[in-house]
Structure formats: structure tokens, C-alpha cells
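For reference, query00.cif is printed below; it contains mmCIF, C-alpha atoms and all ligand atoms.
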```cif
data_start
#
loop_
_atom_site.group_PDB
_atom_site.id
_atom_site.type_symbol
_atom_site.label_atom_id
_atom_site.label_comp_id
_atom_site.auth_asym_id
_atom_site.auth_seq_id
_atom_site.Cartn_x
_atom_site.Cartn_y
_atom_site.Cartn_z
ATOM 1 C CA MET R 1 58.575 114.314 86.825
ATOM 2 C CA ILE R 2 59.726 117.902 87.175
ATOM 3 C CA LEU R 3 59.820 117.485 90.927
ATOM 4 C CA GLN R 4 61.847 114.315 90.464
ATOM 5 C CA LEU R 5 64.322 116.156 88.220
ATOM 6 C CA LEU R 6 64.564 118.979 90.712
ATOM 7 C CA LEU R 7 65.160 116.536 93.534
ATOM 8 C CA SER R 8 67.796 114.558 91.667
ATOM 9 C CA GLY R 9 69.494 117.820 90.682
ATOM 10 C CA LEU R 10 69.414 118.897 94.300
ATOM 11 C CA SER R 11 70.877 115.638 95.573
ATOM 12 C CA LEU R 12 73.623 115.829 92.939
ATOM 13 C CA ALA R 13 74.414 119.367 94.050
ATOM 14 C CA LEU R 14 74.448 118.237 97.659
ATOM 15 C CA ALA R 15 76.612 115.220 96.882
ATOM 16 C CA ALA R 16 79.158 117.355 95.036
ATOM 17 C CA GLY R 17 78.949 120.202 97.508
ATOM 18 C CA ALA R 18 79.198 117.915 100.511
ATOM 19 C CA ASP R 19 82.893 117.222 100.030
ATOM 20 C CA PHE R 20 85.132 118.808 102.629
ATOM 21 C CA TYR R 21 88.046 119.128 100.180
ATOM 22 C CA LYS R 22 87.501 120.194 96.604
ATOM 23 C CA ASN R 23 90.500 118.259 95.243
ATOM 24 C CA TYR R 24 93.591 116.287 96.238
ATOM 25 C CA ASP R 25 95.812 119.337 96.519
ATOM 26 C CA GLU R 26 93.578 120.738 99.273
ATOM 27 C CA LEU R 27 93.283 117.388 100.997
ATOM 28 C CA SER R 28 97.015 116.675 100.960
ATOM 29 C CA LYS R 29 97.810 120.005 102.615
ATOM 30 C CA ALA R 30 95.565 119.199 105.560
ATOM 31 C CA GLU R 31 95.751 115.402 105.935
ATOM 32 C CA ARG R 32 98.767 113.145 106.509
ATOM 33 C CA GLU R 33 99.552 110.348 104.097
ATOM 34 C CA GLY R 34 100.222 107.135 106.015
ATOM 35 C CA VAL R 35 98.327 108.439 109.059
ATOM 36 C CA ASP R 36 94.974 109.780 107.815
ATOM 37 C CA TYR R 37 94.960 108.229 104.367
ATOM 38 C CA ARG R 38 96.937 105.738 102.318
ATOM 39 C CA VAL R 39 97.474 105.246 98.601
ATOM 40 C CA VAL R 40 97.991 101.690 97.367
ATOM 41 C CA VAL R 41 99.315 101.204 93.849
ATOM 42 C CA HIS R 42 99.903 97.875 92.146
ATOM 43 C CA GLN R 43 101.003 98.641 88.635
ATOM 44 C CA ARG R 44 100.876 95.477 86.537
ATOM 45 C CA ARG R 45 101.398 94.877 82.852
ATOM 46 C CA ALA R 46 97.675 94.828 82.246
ATOM 47 C CA PRO R 47 95.135 96.675 80.117
ATOM 48 C CA LEU R 48 92.748 97.079 83.070
ATOM 49 C CA THR R 49 93.046 99.200 86.214
ATOM 50 C CA VAL R 50 90.624 98.630 89.092
ATOM 51 C CA LEU R 51 90.125 101.645 91.344
ATOM 52 C CA ALA R 52 88.598 102.236 94.762
ATOM 53 C CA ILE R 53 89.057 105.962 95.340
ATOM 54 C CA HIS R 54 86.800 105.904 98.419
ATOM 55 C CA GLY R 55 88.512 102.893 99.934
ATOM 56 C CA GLY R 56 89.452 101.973 103.476
ATOM 57 C CA ASP R 57 86.840 103.378 105.848
ATOM 58 C CA ILE R 58 85.484 106.003 103.426
ATOM 59 C CA GLU R 59 83.157 103.502 101.705
ATOM 60 C CA ILE R 60 83.781 100.396 103.778
ATOM 61 C CA GLY R 61 84.364 97.177 101.870
ATOM 62 C CA THR R 62 85.183 98.765 98.507
ATOM 63 C CA SER R 63 88.950 98.234 98.891
ATOM 64 C CA ASP R 64 88.522 94.506 99.550
ATOM 65 C CA PHE R 65 86.191 94.139 96.616
ATOM 66 C CA ALA R 66 88.435 96.089 94.209
ATOM 67 C CA GLN R 67 91.376 93.953 95.329
ATOM 68 C CA ALA R 68 89.421 90.751 94.714
ATOM 69 C CA ILE R 69 88.485 91.911 91.201
ATOM 70 C CA ALA R 70 92.035 92.928 90.273
ATOM 71 C CA GLY R 71 93.466 89.669 91.590
ATOM 72 C CA GLU R 72 97.071 89.255 90.479
ATOM 73 C CA ASP R 73 96.388 90.197 86.864
ATOM 74 C CA SER R 74 95.017 93.719 86.741
ATOM 75 C CA SER R 75 96.465 96.965 88.041
ATOM 76 C CA LEU R 76 95.006 98.213 91.302
ATOM 77 C CA TYR R 77 94.640 101.684 92.774
ATOM 78 C CA LEU R 78 93.235 102.313 96.256
ATOM 79 C CA PHE R 79 92.786 105.620 98.034
ATOM 80 C CA GLU R 80 91.978 104.613 101.596
ATOM 81 C CA GLY R 81 90.711 106.466 104.620
ATOM 82 C CA ILE R 82 92.596 105.135 107.671
ATOM 83 C CA LYS R 83 91.564 107.637 110.365
ATOM 84 C CA HIS R 84 90.136 106.267 113.600
ATOM 85 C CA THR R 85 86.948 108.233 112.918
ATOM 86 C CA GLY R 86 85.618 110.766 110.442
ATOM 87 C CA ASN R 87 86.828 109.195 107.219
ATOM 88 C CA SER R 88 83.972 110.671 105.193
ATOM 89 C CA LYS R 89 85.949 113.921 105.318
ATOM 90 C CA LEU R 90 88.361 112.234 102.876
ATOM 91 C CA HIS R 91 85.668 111.695 100.238
ATOM 92 C CA ILE R 92 86.543 113.563 97.051
ATOM 93 C CA THR R 93 83.805 113.021 94.516
ATOM 94 C CA SER R 94 84.841 111.126 91.359
ATOM 95 C CA THR R 95 84.667 114.147 89.045
ATOM 96 C CA HIS R 96 87.031 116.102 91.336
ATOM 97 C CA PHE R 97 89.353 113.233 92.222
ATOM 98 C CA ASP R 98 92.762 114.147 90.814
ATOM 99 C CA GLU R 99 95.330 112.371 93.001
ATOM 100 C CA PRO R 100 98.399 112.305 90.685
ATOM 101 C CA ARG R 101 99.160 108.560 90.996
ATOM 102 C CA ALA R 102 95.572 107.766 90.035
ATOM 103 C CA LEU R 103 95.708 110.085 87.029
ATOM 104 C CA ALA R 104 98.998 108.536 85.882
ATOM 105 C CA MET R 105 97.595 105.023 86.164
ATOM 106 C CA ALA R 106 94.430 105.992 84.326
ATOM 107 C CA ALA R 107 96.443 107.565 81.495
ATOM 108 C CA GLY R 108 98.431 104.336 81.137
ATOM 109 C CA SER R 109 95.410 102.002 81.154
ATOM 110 C CA ARG R 110 93.263 100.957 78.262
ATOM 111 C CA GLY R 111 90.256 100.516 80.531
ATOM 112 C CA CYS R 112 89.186 101.365 84.067
ATOM 113 C CA LEU R 113 86.737 99.883 86.515
ATOM 114 C CA SER R 114 85.788 101.917 89.561
ATOM 115 C CA ILE R 115 84.212 100.433 92.708
ATOM 116 C CA HIS R 116 82.061 102.524 95.031
ATOM 117 C CA GLY R 117 79.658 101.986 97.893
ATOM 118 C CA PHE R 118 76.293 103.552 98.644
ATOM 119 C CA LEU R 119 74.007 103.382 101.652
ATOM 120 C CA GLU R 120 71.364 100.659 101.274
ATOM 121 C CA THR R 121 71.250 98.250 104.160
ATOM 122 C CA VAL R 122 68.504 95.875 103.030
ATOM 123 C CA ARG R 123 68.907 95.023 99.354
ATOM 124 C CA SER R 124 72.052 93.606 97.711
ATOM 125 C CA VAL R 125 72.426 95.936 94.733
ATOM 126 C CA VAL R 126 75.022 96.545 92.043
ATOM 127 C CA CYS R 127 74.307 99.747 90.113
ATOM 128 C CA VAL R 128 76.083 99.830 86.736
ATOM 129 C CA GLY R 129 77.316 103.231 85.547
ATOM 130 C CA GLY R 130 80.283 104.761 83.749
ATOM 131 C CA GLY R 131 80.901 106.430 80.412
ATOM 132 C CA ASN R 132 81.328 103.310 78.280
ATOM 133 C CA PRO R 133 77.973 101.969 77.024
ATOM 134 C CA VAL R 134 79.513 98.913 75.320
ATOM 135 C CA MET R 135 81.356 97.782 78.444
ATOM 136 C CA ARG R 136 78.360 98.687 80.576
ATOM 137 C CA LYS R 137 76.187 96.364 78.522
ATOM 138 C CA LYS R 138 78.739 93.530 78.762
ATOM 139 C CA MET R 139 78.876 94.028 82.516
ATOM 140 C CA THR R 140 75.094 94.116 82.820
ATOM 141 C CA ASP R 141 74.725 90.931 80.758
ATOM 142 C CA GLN R 142 77.281 89.058 82.885
ATOM 143 C CA LEU R 143 75.764 90.245 86.159
ATOM 144 C CA THR R 144 72.161 89.523 85.232
ATOM 145 C CA ALA R 145 73.150 86.051 83.981
ATOM 146 C CA ALA R 146 74.465 85.277 87.458
ATOM 147 C CA THR R 147 71.097 84.455 88.919
ATOM 148 C CA GLY R 148 71.186 82.619 92.209
ATOM 149 C CA LEU R 149 73.605 85.019 93.875
ATOM 150 C CA GLY R 150 70.682 87.070 95.163
ATOM 151 C CA ILE R 151 71.958 90.316 93.715
ATOM 152 C CA GLU R 152 69.821 93.014 92.095
ATOM 153 C CA VAL R 153 71.359 94.693 89.074
ATOM 154 C CA GLU R 154 70.379 98.272 88.266
ATOM 155 C CA SER R 155 71.436 99.295 84.779
ATOM 156 C CA PRO R 156 71.709 101.995 83.710
ATOM 157 C CA CYS R 157 72.431 103.363 87.163
ATOM 158 C CA GLN R 158 70.019 106.277 87.484
ATOM 159 C CA ARG R 159 71.259 107.502 90.836
ATOM 160 C CA PHE R 160 74.989 107.416 90.030
ATOM 161 C CA GLY R 161 75.408 107.756 86.260
ATOM 162 C CA GLY R 162 79.189 108.027 86.343
ATOM 163 C CA ASP R 163 79.280 109.171 82.722
ATOM 164 C CA ASP R 164 80.844 112.595 83.242
ATOM 165 C CA ALA R 165 84.078 112.875 81.241
ATOM 166 C CA LYS R 166 85.795 114.305 84.335
ATOM 167 C CA ASN R 167 84.989 111.207 86.399
ATOM 168 C CA ILE R 168 88.303 109.421 87.088
ATOM 169 C CA VAL R 169 86.833 106.199 85.658
ATOM 170 C CA ASN R 170 86.463 107.932 82.284
ATOM 171 C CA ARG R 171 89.976 109.364 82.242
ATOM 172 C CA CYS R 172 91.621 106.138 81.095
ATOM 173 C CA GLN R 173 92.415 105.674 77.415
ATOM 174 C CA ASN R 174 88.772 104.604 77.044
ATOM 175 C CA PRO R 175 85.836 105.564 79.247
ATOM 176 C CA GLY R 176 85.175 102.958 81.920
ATOM 177 C CA VAL R 177 82.601 101.218 84.081
ATOM 178 C CA GLN R 178 81.586 102.391 87.536
ATOM 179 C CA LEU R 179 79.969 99.937 89.931
ATOM 180 C CA GLU R 180 78.111 101.213 92.972
ATOM 181 C CA THR R 181 77.589 98.490 95.574
ATOM 182 C CA SER R 182 75.049 98.630 98.387
ATOM 183 C CA THR R 183 75.961 98.380 102.058
ATOM 184 C CA ALA R 184 73.967 95.150 102.369
ATOM 185 C CA LEU R 185 76.018 93.489 99.616
ATOM 186 C CA ARG R 186 79.342 94.543 101.124
ATOM 187 C CA ARG R 187 78.232 93.204 104.505
ATOM 188 C CA ARG R 188 77.342 89.908 102.859
ATOM 189 C CA PHE R 189 80.890 89.744 101.436
ATOM 190 C CA ASP R 190 82.256 89.862 104.978
ATOM 191 C CA ARG R 191 80.059 86.982 106.083
ATOM 192 C CA ASP R 192 80.597 85.072 102.844
ATOM 193 C CA PRO R 193 84.034 85.698 101.247
ATOM 194 C CA ALA R 194 83.258 83.084 98.572
ATOM 195 C CA LEU R 195 80.473 85.355 97.288
ATOM 196 C CA ARG R 196 82.944 88.241 97.016
ATOM 197 C CA LEU R 197 85.309 86.069 94.988
ATOM 198 C CA GLU R 198 82.578 84.720 92.747
ATOM 199 C CA LEU R 199 81.198 88.155 91.944
ATOM 200 C CA ALA R 200 84.743 89.470 91.433
ATOM 201 C CA ARG R 201 85.366 86.692 88.913
ATOM 202 C CA ILE R 202 82.202 87.534 86.969
ATOM 203 C CA ILE R 203 83.042 91.251 86.895
ATOM 204 C CA ARG R 204 86.650 90.668 85.820
ATOM 205 C CA LYS R 205 85.451 88.402 83.033
ATOM 206 C CA ALA R 206 83.108 91.138 81.761
ATOM 207 C CA MET R 207 85.981 93.649 81.707
ATOM 208 C CA VAL R 208 88.783 91.614 80.173
ATOM 209 C CA ASP R 209 87.247 88.883 77.990
HETATM 210 ZN ZN ZN T 1 82.372 106.473 96.155
#
```
Turn this file's structure into C-alpha cells for me.
Ligand SMILES: [Zn+2]
Amino acid sequence: MILQLLLSGLSLALAAGADFYKNYDELSKAEREGVDYRVVVHQRRAPLTVLAIHGGDIEIGTSDFAQAIAGEDSSLYLFEGIKHTGNSKLHITSTHFDEPRALAMAAGSRGCLSIHGFLETVRSVVCVGGGNPVMRKKMTDQLTAATGLGIEVESPCQRFGGDDAKNIVNRCQNPGVQLETSTALRRRFDRDPALRLELARIIRKAMVD
């Protein structure tokens, strides 16, 4: 148990310490917008903002999924890596992510949903985190009711809690929900776009109904 705690503390420290840039200010002085990275903002008259702050080729497939969830109804924010190679350099961890357009959108939104990706190439997993236990439960209920999609739901998400108040997903008017999706699931979306749409519909329903 103690070893486990030590290890999870260590991996957290590594995850946070692994970022090349400590915040957006540092990143923007070294990287070129429109060449190395791109910010996509669709501000809609909607209570919900869907974010993929590690979009493009930083966490591949998260932009497409966030876009599918937002549809035409919710606001959408994407921070995308568009370098030919080495996009992981553009990863700013959620608690340090302070790109001004994202902060402005969060401040103007009643709720936020953040989409991430983690490395897991075998199992199709959605890990449910974020600082809003009520919304997290709604999300978990909707996802676990969707049997037949072949998706494993981990809730609460032990490996990526996402409940830190500094996490961008919790800087909306209310704390939000963070969904970590496995590599295997995002690869399935590419082979089966209908699955992406179906899961997006279920997730949107949990957030806005
Ligand atoms: Zn991420």
C-alpha cells in the first residue's frame, strides 16, 4: 500500500515534471501558432464547453472526439499539436494549462468537459475524473448503462483524478468532468466512426440533460 502510494506519487511527479514548458507563456515564446500548434475556438451560446487541450497530435484522436461531443450545440476549445514530429513537447499538464482563450471560455461556461488520451493499446477504457462528483456520477451511470459498446468504465479514475482546483476543467463556473480515453478506444473510433458518434451522444446527454 505504502509502496503503491509512493509509486503513484512518483508517477504524478514525473507526469508534472515531464512537461517541456511550464505554462503557455513559455510555450508561446518558443513555438509558432499556426505552424507548431493551433488553437480552435467555437464559442456558442451554450452552458457547456468541451475541451481538448492535448489535441491534434499531442494525444491523437482527442480533438475528433471532443468535436463529436460538442456537435453544433456546445462550445468547443482545442489546443492542437500540428508539428510534423515531436508534438509531446507541446503537452502542458492540465493544472498548468493557462492559455488565455481557454481561461476566458472556462470563465464564461457553466460547465466543462475535458477529453484526454492515455496509453493503453489493448483495452477500450474511459476513465472518469474531474472535480464534480455529481456530474461524475451522472457520466458514470450513462456510460455503464451503455453495455454492448465494449467499453470499460473506470470510475472514479484512480490514475488521473482530475480533481485539482487548478485543473482547467475545474476552472469553469462549476467544476467539471475529465474523461481519459485509452489508445485502443481512439483507434477503434477511426475504424468505426459510428462508435465515436454514439459514445459522443451518450456523453453529451450526461453533461447537458
Ligand atoms: Zn491529456
What does the distance from atom CA of Ile69 of chain R to atom CA of Ala200 of chain R come to in Å, to one decimal?
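Taking atom CA of Ile69 of chain R as the start and atom CA of Ala200 of chain R as the end point, the length is 4.5 Å.
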Could you build a table of the residues in chain R lying no more than 10 Å from ligand ZN 1 (chain T), giving for each the nearest pair of atoms and their separation in Å rounded to one decimal place, using only C-alpha atoms and all ligand atoms, ordered by chain and ascending residue number, as CSV?
```
residue,atom,partner,partner_atom,distance
R:Ala52,CA,T:ZN1,ZN,7.7
R:Ile53,CA,T:ZN1,ZN,6.8
R:His54,CA,T:ZN1,ZN,5.0
R:Gly55,CA,T:ZN1,ZN,8.0
R:Ile58,CA,T:ZN1,ZN,7.9
R:Glu59,CA,T:ZN1,ZN,6.3
R:Ile60,CA,T:ZN1,ZN,9.9
R:Thr62,CA,T:ZN1,ZN,8.5
R:His91,CA,T:ZN1,ZN,7.4
R:Ile92,CA,T:ZN1,ZN,8.3
R:Thr93,CA,T:ZN1,ZN,6.9
R:Ser94,CA,T:ZN1,ZN,7.1
R:Ser114,CA,T:ZN1,ZN,8.7
R:Ile115,CA,T:ZN1,ZN,7.2
R:His116,CA,T:ZN1,ZN,4.1
R:Gly117,CA,T:ZN1,ZN,5.5
R:Phe118,CA,T:ZN1,ZN,7.2
R:Phe160,CA,T:ZN1,ZN,9.6
R:Gln178,CA,T:ZN1,ZN,9.6
R:Leu179,CA,T:ZN1,ZN,9.3
R:Glu180,CA,T:ZN1,ZN,7.5
R:Thr181,CA,T:ZN1,ZN,9.3
```
Residues as selected, C-alpha atoms, written as a short mmCIF file (atom, residue, chain, number, x, y, z; two decimals), keeping the file's coordinate frame, can you do that?
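Output file part.cif is given in full below:
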```
data_model
loop_
_atom_site.label_atom_id
_atom_site.label_comp_id
_atom_site.auth_asym_id
_atom_site.auth_seq_id
_atom_site.Cartn_x
_atom_site.Cartn_y
_atom_site.Cartn_z
CA ALA R 52 88.60 102.24 94.76
CA ILE R 53 89.06 105.96 95.34
CA HIS R 54 86.80 105.90 98.42
CA GLY R 55 88.51 102.89 99.93
CA ILE R 58 85.48 106.00 103.43
CA GLU R 59 83.16 103.50 101.70
CA ILE R 60 83.78 100.40 103.78
CA THR R 62 85.18 98.76 98.51
CA HIS R 91 85.67 111.70 100.24
CA ILE R 92 86.54 113.56 97.05
CA THR R 93 83.80 113.02 94.52
CA SER R 94 84.84 111.13 91.36
CA SER R 114 85.79 101.92 89.56
CA ILE R 115 84.21 100.43 92.71
CA HIS R 116 82.06 102.52 95.03
CA GLY R 117 79.66 101.99 97.89
CA PHE R 118 76.29 103.55 98.64
CA PHE R 160 74.99 107.42 90.03
CA GLN R 178 81.59 102.39 87.54
CA LEU R 179 79.97 99.94 89.93
CA GLU R 180 78.11 101.21 92.97
CA THR R 181 77.59 98.49 95.57
#
```
Residue members of the PyMOL selection byres (((chain R and resi 186) around 12) and not hetatm) in the file shown, as a ChimeraX atom specification:
/R:59-66,115-126,151,180-185,187-193,195-196,199
Env of Asn167 of chain R: 9 Å cut, atoms = only C-alpha atoms, seq-sep filter 4 positions within chain, self excluded. Answer as a ChimeraX atom specification.
/R:93-97,130-131,162-163,171
Selection dump of the PyMOL selection byres (((chain R and resi 206) around 8) and not hetatm), as a ChimeraX atom specification:
/R:135,138-139,142,202-205,207-209
Taking the file above as input, evaluate the PyMOL selection byres (((chain R and resi 46) around 7) and not hetatm) and report the hits as a list in words.
Arg44, Arg45, Pro47, Leu48, Asp73, Ser74 and Ser75 of chain R
For a cutoff of 10 Å around the file-coordinate point (99.3, 105.0, 113.7), which residues qualify once you count all atoms listed in the file? I'd like the result as a short mmCIF file (atom, residue, chain, number, x, y, z; two decimals) with C-alpha atoms, keeping the file's coordinate frame.
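In the end it all went to point-v3.cif:
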```cif
data_model
loop_
_atom_site.label_atom_id
_atom_site.label_comp_id
_atom_site.auth_asym_id
_atom_site.auth_seq_id
_atom_site.Cartn_x
_atom_site.Cartn_y
_atom_site.Cartn_z
CA GLY R 34 100.22 107.14 106.02
CA VAL R 35 98.33 108.44 109.06
CA ASP R 36 94.97 109.78 107.82
CA ILE R 82 92.60 105.14 107.67
CA LYS R 83 91.56 107.64 110.36
CA HIS R 84 90.14 106.27 113.60
#
```
My list of candidates is R:Leu76, R:Cys157, R:Ala106, R:Leu90. Which is closest to Asp19 of chain R when distances are computed with only C-alpha atoms?
R:Leu90
Rank nothing, just name the residue among R:Arg159, R:Tyr24, R:Arg201, R:Ser88 nearest to Leu143 of chain R, using all atoms listed in the file.
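Of the candidates, the smallest distance to Leu143 of chain R is held by R:Arg201.
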Nearest candidate to Leu113 of chain R (options R:Val39, R:Leu149, R:Ala70, R:Leu27; using all atoms listed in the file)
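That would be R:Ala70, the residue with the smallest distance to Leu113 of chain R.
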Using all atoms listed in the file, determine which residues lie at most 8 Å from Gly111 of chain R, disregarding the query and same-chain residues fewer than 6 positions distant; provide the list as a PyMOL selection string.
chain R and resi 47-49+172-176
What gap, in Å, lies between atom CA of Ala30 of chain R and atom CA of Leu78 of chain R?
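Atom CA of Ala30 of chain R sits 19.4 Å away from atom CA of Leu78 of chain R.
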Could you work out how far atom CA of Ser109 of chain R lies from atom CA of Tyr37 of chain R, giving the answer in Å with one decimal?
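Between atom CA of Tyr37 of chain R and atom CA of Ser109 of chain R the gap is 24.0 Å.
Ranking R:Gln43, R:Ser155, R:Gln67, R:Asn170 by their shortest atom-to-atom distance to Arg136 of chain R, with all atoms listed in the file included, puts R:Ser155 first.
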Can you tell me which residues surround Asp25 of chain R at a distance of at most 10 Å, considering only C-alpha atoms, apart from same-chain residues fewer than 6 positions away, and format the answer as a ChimeraX atom specification?
/R:97-100
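Closest approach to Phe20 of chain R among R:Gly56, R:Pro156, R:Pro133, R:Gly86: R:Gly86, based on only C-alpha atoms.
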